[in-house]
file entry19.cif (mmCIF, C-alpha atoms)
data_coords
loop_
_atom_site.label_atom_id
_atom_site.label_comp_id
_atom_site.auth_asym_id
_atom_site.auth_seq_id
_atom_site.Cartn_x
_atom_site.Cartn_y
_atom_site.Cartn_z
CA MET M 26 -109.05 -16.26 53.03
CA LYS M 27 -108.31 -13.02 51.21
CA ASN M 28 -105.27 -11.47 52.86
CA ILE M 29 -104.62 -8.04 51.42
CA VAL M 30 -101.71 -5.69 51.91
CA ILE M 31 -102.49 -2.03 51.22
CA PHE M 32 -99.29 -0.31 50.26
CA GLY M 33 -98.33 3.29 49.64
CA ALA M 34 -96.54 6.33 50.96
CA PRO M 35 -97.81 8.25 54.00
CA GLY M 36 -100.90 10.19 52.89
CA SER M 37 -101.65 7.93 49.91
CA GLY M 38 -105.10 7.04 51.22
CA LYS M 39 -104.46 3.63 52.77
CA GLY M 40 -106.76 4.23 55.75
CA THR M 41 -109.57 5.70 53.68
CA GLN M 42 -109.49 2.88 51.14
CA SER M 43 -109.09 0.22 53.85
CA ASP M 44 -112.47 1.27 55.26
CA LYS M 45 -114.09 0.71 51.87
CA ILE M 46 -112.38 -2.68 51.42
CA ILE M 47 -113.60 -3.77 54.87
CA ALA M 48 -117.16 -2.69 54.05
CA GLU M 49 -117.25 -4.64 50.77
CA PHE M 50 -115.22 -7.74 51.58
CA GLY M 51 -115.79 -8.11 55.34
CA VAL M 52 -112.10 -8.59 56.09
CA ALA M 53 -110.59 -7.73 59.47
CA HIS M 54 -108.45 -4.60 59.60
CA ILE M 55 -104.99 -4.54 61.12
CA SER M 56 -103.50 -1.05 61.02
CA THR M 57 -100.13 -0.97 62.71
CA GLY M 58 -100.41 2.83 62.88
CA ASP M 59 -103.73 2.66 64.77
CA VAL M 60 -102.43 -0.02 67.12
CA LEU M 61 -99.24 1.95 67.79
CA ARG M 62 -101.15 5.21 68.38
CA ALA M 63 -103.41 3.37 70.87
CA GLU M 64 -100.31 2.05 72.67
CA ILE M 65 -98.83 5.56 72.76
CA LYS M 66 -102.06 7.05 74.08
CA ALA M 67 -102.26 4.35 76.76
CA GLY M 68 -98.67 5.10 77.78
CA THR M 69 -97.51 1.48 77.53
CA GLU M 70 -93.80 0.66 77.29
CA LEU M 71 -94.28 -0.27 73.61
CA GLY M 72 -96.06 3.05 73.10
CA LYS M 73 -93.27 5.04 74.73
CA THR M 74 -90.60 3.27 72.68
CA ALA M 75 -92.57 3.60 69.44
CA SER M 76 -93.33 7.28 70.08
CA GLY M 77 -89.66 8.17 69.98
CA TYR M 78 -89.27 6.60 66.53
CA ILE M 79 -92.52 7.98 65.10
CA ASN M 80 -91.90 11.54 66.27
CA GLU M 81 -88.57 11.50 64.43
CA GLY M 82 -90.20 10.18 61.24
CA LYS M 83 -88.46 6.81 61.61
CA LEU M 84 -89.84 3.29 61.38
CA VAL M 85 -90.54 1.33 64.55
CA PRO M 86 -88.15 -1.69 64.79
CA ASP M 87 -89.31 -4.87 63.08
CA SER M 88 -89.26 -6.98 66.23
CA LEU M 89 -91.81 -4.74 67.96
CA ILE M 90 -94.09 -4.62 64.92
CA ILE M 91 -93.95 -8.35 64.17
CA ASP M 92 -94.72 -9.37 67.76
CA MET M 93 -97.62 -6.95 67.88
CA LEU M 94 -98.95 -8.13 64.49
CA ALA M 95 -98.86 -11.83 65.38
CA SER M 96 -100.78 -11.18 68.58
CA THR M 97 -103.33 -8.97 66.85
CA LEU M 98 -103.84 -11.45 64.00
CA ASP M 99 -104.34 -14.38 66.37
CA SER M 100 -106.87 -12.37 68.39
CA LYS M 101 -109.08 -12.03 65.27
CA GLY M 102 -109.93 -15.74 65.26
CA LYS M 103 -110.18 -18.18 62.36
CA ASP M 104 -113.70 -17.43 61.12
CA ILE M 105 -112.89 -14.16 59.34
CA PRO M 106 -112.90 -13.98 55.51
CA GLY M 107 -109.44 -12.40 55.49
CA VAL M 108 -107.35 -9.53 56.76
CA ILE M 109 -106.23 -6.22 55.35
CA PHE M 110 -102.77 -5.21 56.52
CA ASP M 111 -102.57 -1.41 56.59
CA GLY M 112 -99.12 0.03 57.21
CA PHE M 113 -97.44 -3.38 57.32
CA PRO M 114 -95.12 -4.62 55.97
CA ARG M 115 -92.83 -1.63 55.52
CA THR M 116 -89.58 -3.45 54.82
CA ILE M 117 -88.60 -6.58 52.91
CA ALA M 118 -87.65 -8.25 56.21
CA GLN M 119 -91.19 -7.55 57.48
CA ALA M 120 -92.69 -8.88 54.23
CA GLU M 121 -90.69 -12.09 54.59
CA ALA M 122 -91.76 -12.37 58.24
CA LEU M 123 -95.40 -11.80 57.22
CA ASP M 124 -95.16 -14.52 54.56
CA LYS M 125 -93.67 -16.92 57.12
CA MET M 126 -96.26 -16.06 59.78
CA LEU M 127 -99.15 -16.53 57.34
CA GLU M 128 -97.65 -19.76 55.98
CA GLU M 129 -97.51 -21.14 59.55
CA ARG M 130 -101.28 -20.53 59.66
CA GLY M 131 -101.89 -22.09 56.22
CA GLU M 132 -102.41 -18.69 54.62
CA LYS M 133 -100.68 -16.29 52.22
CA VAL M 134 -100.89 -12.71 50.97
CA SER M 135 -103.52 -12.72 48.19
CA THR M 136 -102.82 -9.31 46.69
CA VAL M 137 -100.95 -6.08 47.36
CA ILE M 138 -102.84 -2.88 46.56
CA GLY M 139 -100.20 -0.27 45.64
CA LEU M 140 -101.58 3.27 45.95
CA GLU M 141 -99.34 5.51 43.86
CA VAL M 142 -99.44 9.28 44.53
CA ASP M 143 -96.88 12.02 43.71
CA ASP M 144 -94.94 13.72 46.54
CA GLU M 145 -96.55 17.15 46.22
CA GLU M 146 -100.02 15.64 46.65
CA LEU M 147 -98.84 13.44 49.54
CA ILE M 148 -97.45 16.38 51.53
CA LYS M 149 -100.59 18.42 50.84
CA ARG M 150 -102.77 15.56 52.12
CA ILE M 151 -100.66 14.97 55.24
CA ILE M 152 -100.74 18.66 56.20
CA ALA M 153 -104.50 18.81 55.61
CA ARG M 154 -104.98 15.64 57.69
CA GLY M 155 -102.89 17.15 60.49
CA LYS M 156 -105.36 20.02 60.85
CA THR M 157 -108.09 17.57 61.87
CA SER M 158 -106.35 14.39 63.05
CA GLY M 159 -104.50 15.69 66.07
CA ARG M 160 -101.57 13.50 65.01
CA ALA M 161 -98.29 15.17 66.00
CA ASP M 162 -96.54 13.57 63.00
CA ASP M 163 -98.88 15.23 60.45
CA ASN M 164 -96.75 18.30 59.70
CA GLU M 165 -94.58 19.26 56.72
CA LYS M 166 -91.19 18.67 58.35
CA THR M 167 -92.05 15.20 59.64
CA ALA M 168 -93.95 14.38 56.43
CA LYS M 169 -90.81 14.97 54.37
CA LYS M 170 -88.78 12.75 56.75
CA ARG M 171 -91.46 10.06 56.53
CA LEU M 172 -91.37 10.21 52.73
CA ASP M 173 -87.56 9.91 52.74
CA THR M 174 -87.89 6.86 55.00
CA TYR M 175 -90.61 5.45 52.73
CA TYR M 176 -88.45 5.79 49.60
CA SER M 177 -85.32 4.32 51.18
CA GLN M 178 -86.85 1.50 53.23
CA THR M 179 -90.39 0.76 52.07
CA LEU M 180 -90.49 1.35 48.31
CA PRO M 181 -88.26 -1.71 47.64
CA LEU M 182 -91.31 -3.77 48.66
CA LYS M 183 -92.95 -2.83 45.37
CA ASP M 184 -90.37 -4.88 43.45
CA PHE M 185 -90.58 -7.67 46.06
CA TYR M 186 -94.32 -8.04 45.44
CA ILE M 187 -94.06 -7.51 41.67
CA ALA M 188 -91.65 -10.46 41.61
CA GLN M 189 -94.30 -12.55 43.44
CA GLY M 190 -96.97 -11.45 40.94
CA LYS M 191 -99.06 -9.91 43.73
CA TYR M 192 -98.65 -6.15 43.17
CA ALA M 193 -101.68 -4.27 41.79
CA LYS M 194 -100.71 -0.72 40.78
CA ILE M 195 -103.51 1.72 41.61
CA ASN M 196 -103.51 5.43 40.73
CA GLY M 197 -104.14 7.00 44.13
CA VAL M 198 -105.16 10.40 42.73
CA GLY M 199 -108.77 11.12 41.84
CA SER M 200 -112.09 10.69 43.59
CA ILE M 201 -112.18 8.26 46.50
CA ASP M 202 -114.86 6.22 44.72
CA ASP M 203 -112.96 6.02 41.41
CA ILE M 204 -109.81 4.91 43.21
CA TYR M 205 -111.82 2.34 45.14
CA ALA M 206 -113.43 0.94 41.97
CA ALA M 207 -109.93 0.07 40.70
CA ILE M 208 -109.02 -1.45 44.08
CA SER M 209 -112.17 -3.58 44.24
CA LYS M 210 -111.52 -4.90 40.73
CA ALA M 211 -107.93 -5.81 41.62
CA ILE M 212 -109.03 -7.68 44.77
CA LYS M 213 -111.70 -9.64 42.89
CA GLU M 214 -109.15 -10.61 40.22
CA ALA M 215 -106.56 -11.79 42.78
#

call {"tool": "encode", "arguments": {"input": "entry19.cif", "output": "structure tokens"}}
result
Amino acid sequence: MKNIVIFGAPGSGKGTQSDKIIAEFGVAHISTGDVLRAEIKAGTELGKTASGYINEGKLVPDSLIIDMLASTLDSKGKDIPGVIFDGFPRTIAQAEALDKMLEERGEKVSTVIGLEVDDEELIKRIIARGKTSGRADDNEKTAKKRLDTYYSQTLPLKDFYIAQGKYAKINGVGSIDDIYAAISKAIKEA
């Protein structure tokens, strides 16, 4: 199986590029953000708890994310060609938990696609997305908090995956198709 982590700051294009990866490689998509937003919309206890963290630009606690991920992954079945993890892991503890969970299933992370975009472009994208997405967290104030959280808690994952030889640095600025061409090449070489 090809198990892919798509990695990058909020607004780096993870969702957009995930759609293209799914179309080409036929992998299942697990977006923690989408799952959390669905839980929030449904008003579940997980959704209510997660909403408080998200609205403050903070990360949802690992235990909630990991339990949700394991359940979602198991629900996909064993006949899929792989999975793309979008928005997970976000911390080294989550990455270690993901490695352990996959190992228990005889699997591993194949490659990590690292979308690299400068802050000015990220904030511009998030604000533009907020005009059409309806997401309450797509505003400048929350975007800056989310970027601060990304740099302090999530960016260390880059070195974690570089050390494993799994990190593929991708310039996340340019046309969607040009960015995807680099991503597709990196996945095929993994």

call {"tool": "resolve_selection", "arguments": {"input": "entry19.cif", "expression": "the PyMOL selection byres ((chain M and resi 59-67) around 12)", "output": "count of residues only"}}
result
37

call {"tool": "resolve_selection", "arguments": {"input": "entry19.cif", "expression": "the PyMOL selection byres ((chain M and resi 103) around 12)", "output": "ChimeraX atom specification"}}
result
/M:26,52-53,98-102,104-108,130-132

call {"tool": "resolve_selection", "arguments": {"input": "entry19.cif", "expression": "the PyMOL selection byres ((chain M and resi 37) around 10)", "output": "PDB file with C-alpha atoms, keeping the file's coordinate frame"}}
result
ATOM      1  CA  PHE M  32     -99.290  -0.310  50.260  1.00  0.00           C
ATOM      2  CA  GLY M  33     -98.330   3.290  49.640  1.00  0.00           C
ATOM      3  CA  ALA M  34     -96.540   6.330  50.960  1.00  0.00           C
ATOM      4  CA  PRO M  35     -97.810   8.250  54.000  1.00  0.00           C
ATOM      5  CA  GLY M  36    -100.900  10.190  52.890  1.00  0.00           C
ATOM      6  CA  GLY M  38    -105.100   7.040  51.220  1.00  0.00           C
ATOM      7  CA  LYS M  39    -104.460   3.630  52.770  1.00  0.00           C
ATOM      8  CA  GLY M  40    -106.760   4.230  55.750  1.00  0.00           C
ATOM      9  CA  THR M  41    -109.570   5.700  53.680  1.00  0.00           C
ATOM     10  CA  GLN M  42    -109.490   2.880  51.140  1.00  0.00           C
ATOM     11  CA  GLY M 139    -100.200  -0.270  45.640  1.00  0.00           C
ATOM     12  CA  LEU M 140    -101.580   3.270  45.950  1.00  0.00           C
ATOM     13  CA  GLU M 141     -99.340   5.510  43.860  1.00  0.00           C
ATOM     14  CA  VAL M 142     -99.440   9.280  44.530  1.00  0.00           C
ATOM     15  CA  ASP M 143     -96.880  12.020  43.710  1.00  0.00           C
ATOM     16  CA  ASP M 144     -94.940  13.720  46.540  1.00  0.00           C
ATOM     17  CA  GLU M 146    -100.020  15.640  46.650  1.00  0.00           C
ATOM     18  CA  LEU M 147     -98.840  13.440  49.540  1.00  0.00           C
ATOM     19  CA  ILE M 148     -97.450  16.380  51.530  1.00  0.00           C
ATOM     20  CA  ARG M 150    -102.770  15.560  52.120  1.00  0.00           C
ATOM     21  CA  ILE M 151    -100.660  14.970  55.240  1.00  0.00           C
ATOM     22  CA  ASN M 196    -103.510   5.430  40.730  1.00  0.00           C
ATOM     23  CA  GLY M 197    -104.140   7.000  44.130  1.00  0.00           C
ATOM     24  CA  VAL M 198    -105.160  10.400  42.730  1.00  0.00           C
TER      25      VAL M 198
END

call {"tool": "atom_distance", "arguments": {"input": "entry19.cif", "atom1": "CA of Lys156 in chain M", "atom2": "CA of Pro86 in chain M"}}
result
28.0 Å

call {"tool": "atom_distance", "arguments": {"input": "entry19.cif", "atom1": "CA of Ala207 in chain M", "atom2": "CA of Ile46 in chain M"}}
result
11.3 Å

call {"tool": "closest_residue", "arguments": {"input": "entry19.cif", "among": "M:Ile109, M:Gln119, M:Ala193, M:Asn28", "to": "Ser88 in chain M", "atoms": "all atoms listed in the file"}}
result
M:Gln119

call {"tool": "atom_distance", "arguments": {"input": "entry19.cif", "atom1": "CA of Thr174 in chain M", "atom2": "CA of Lys149 in chain M"}}
result
17.7 Å

call {"tool": "closest_residue", "arguments": {"input": "entry19.cif", "among": "M:Phe50, M:Tyr192, M:Tyr186, M:Tyr175", "to": "Gly82 in chain M", "atoms": "all atoms listed in the file"}}
result
M:Tyr175

call {"tool": "closest_residue", "arguments": {"input": "entry19.cif", "among": "M:Asp203, M:Asp124, M:Glu165, M:Glu49", "to": "Glu145 in chain M", "atoms": "all atoms listed in the file"}}
result
M:Glu165

call {"tool": "closest_residue", "arguments": {"input": "entry19.cif", "among": "M:Lys83, M:Lys125, M:Arg154, M:Lys133", "to": "Leu172 in chain M", "atoms": "all atoms listed in the file"}}
result
M:Lys83

call {"tool": "residues_near_point", "arguments": {"input": "entry19.cif", "point": "(-109.3, -0.8, 48.7)", "cutoff": "7 Å", "atoms": "only C-alpha atoms", "output": "VMD selection string"}}
result
chain M and resid 42 to 43 45 to 46 205 208 to 209

call {"tool": "residues_around", "arguments": {"input": "entry19.cif", "residues": "Ala120 in chain M", "least_positions_apart": "5", "cutoff": "10 Å", "atoms": "only C-alpha atoms", "output": "PDB file with C-alpha atoms, keeping the file's coordinate frame"}}
result
ATOM      1  CA  VAL M  30    -101.710  -5.690  51.910  1.00  0.00           C
ATOM      2  CA  PHE M 113     -97.440  -3.380  57.320  1.00  0.00           C
ATOM      3  CA  PRO M 114     -95.120  -4.620  55.970  1.00  0.00           C
ATOM      4  CA  ARG M 115     -92.830  -1.630  55.520  1.00  0.00           C
ATOM      5  CA  LYS M 125     -93.670 -16.920  57.120  1.00  0.00           C
ATOM      6  CA  MET M 126     -96.260 -16.060  59.780  1.00  0.00           C
ATOM      7  CA  VAL M 134    -100.890 -12.710  50.970  1.00  0.00           C
ATOM      8  CA  LEU M 182     -91.310  -3.770  48.660  1.00  0.00           C
ATOM      9  CA  PHE M 185     -90.580  -7.670  46.060  1.00  0.00           C
ATOM     10  CA  TYR M 186     -94.320  -8.040  45.440  1.00  0.00           C
TER      11      TYR M 186
END

call {"tool": "build_atoms", "arguments": {"input": "entry19.cif", "residues": "range 157-180 of chain M", "atoms": "N, CA and C atoms", "output": "CSV table (one decimal), keeping the file's coordinate frame"}}
result
chain,number,residue,atom,x,y,z
M,157,THR,N,-106.9,18.2,61.2
M,157,THR,CA,-108.1,17.6,61.9
M,157,THR,C,-107.8,16.3,62.7
M,158,SER,N,-106.6,15.7,62.4
M,158,SER,CA,-106.4,14.4,63.0
M,158,SER,C,-105.8,14.5,64.5
M,159,GLY,N,-105.2,15.6,64.8
M,159,GLY,CA,-104.5,15.7,66.1
M,159,GLY,C,-103.2,14.9,66.1
M,160,ARG,N,-102.8,14.3,65.0
M,160,ARG,CA,-101.6,13.5,65.0
M,160,ARG,C,-100.4,14.4,65.0
M,161,ALA,N,-99.5,14.3,65.9
M,161,ALA,CA,-98.3,15.2,66.0
M,161,ALA,C,-97.4,15.0,64.8
M,162,ASP,N,-97.4,13.8,64.1
M,162,ASP,CA,-96.5,13.6,63.0
M,162,ASP,C,-97.1,14.1,61.7
M,163,ASP,N,-98.3,14.7,61.7
M,163,ASP,CA,-98.9,15.2,60.4
M,163,ASP,C,-98.5,16.7,60.3
M,164,ASN,N,-97.2,17.0,60.0
M,164,ASN,CA,-96.8,18.3,59.7
M,164,ASN,C,-95.7,18.2,58.6
M,165,GLU,N,-95.4,19.3,57.9
M,165,GLU,CA,-94.6,19.3,56.7
M,165,GLU,C,-93.2,18.7,57.0
M,166,LYS,N,-92.6,19.1,58.1
M,166,LYS,CA,-91.2,18.7,58.4
M,166,LYS,C,-91.1,17.1,58.5
M,167,THR,N,-92.0,16.6,59.4
M,167,THR,CA,-92.0,15.2,59.6
M,167,THR,C,-92.5,14.4,58.4
M,168,ALA,N,-93.5,15.0,57.6
M,168,ALA,CA,-94.0,14.4,56.4
M,168,ALA,C,-92.8,14.1,55.4
M,169,LYS,N,-91.9,15.1,55.3
M,169,LYS,CA,-90.8,15.0,54.4
M,169,LYS,C,-89.9,13.9,54.9
M,170,LYS,N,-89.6,13.8,56.2
M,170,LYS,CA,-88.8,12.8,56.8
M,170,LYS,C,-89.4,11.4,56.5
M,171,ARG,N,-90.7,11.3,56.7
M,171,ARG,CA,-91.5,10.1,56.5
M,171,ARG,C,-91.4,9.6,55.1
M,172,LEU,N,-91.5,10.6,54.1
M,172,LEU,CA,-91.4,10.2,52.7
M,172,LEU,C,-90.0,9.7,52.4
M,173,ASP,N,-88.9,10.4,53.0
M,173,ASP,CA,-87.6,9.9,52.7
M,173,ASP,C,-87.4,8.5,53.3
M,174,THR,N,-87.9,8.2,54.4
M,174,THR,CA,-87.9,6.9,55.0
M,174,THR,C,-88.6,5.9,54.1
M,175,TYR,N,-89.8,6.3,53.6
M,175,TYR,CA,-90.6,5.4,52.7
M,175,TYR,C,-89.8,5.1,51.5
M,176,TYR,N,-89.2,6.1,50.8
M,176,TYR,CA,-88.4,5.8,49.6
M,176,TYR,C,-87.2,4.9,49.8
M,177,SER,N,-86.5,5.1,51.0
M,177,SER,CA,-85.3,4.3,51.2
M,177,SER,C,-85.6,2.9,51.7
M,178,GLN,N,-86.6,2.8,52.6
M,178,GLN,CA,-86.8,1.5,53.2
M,178,GLN,C,-88.1,0.7,52.8
M,179,THR,N,-89.1,1.4,52.4
M,179,THR,CA,-90.4,0.8,52.1
M,179,THR,C,-90.6,0.5,50.6
M,180,LEU,N,-90.2,1.5,49.7
M,180,LEU,CA,-90.5,1.4,48.3
M,180,LEU,C,-89.9,0.1,47.7
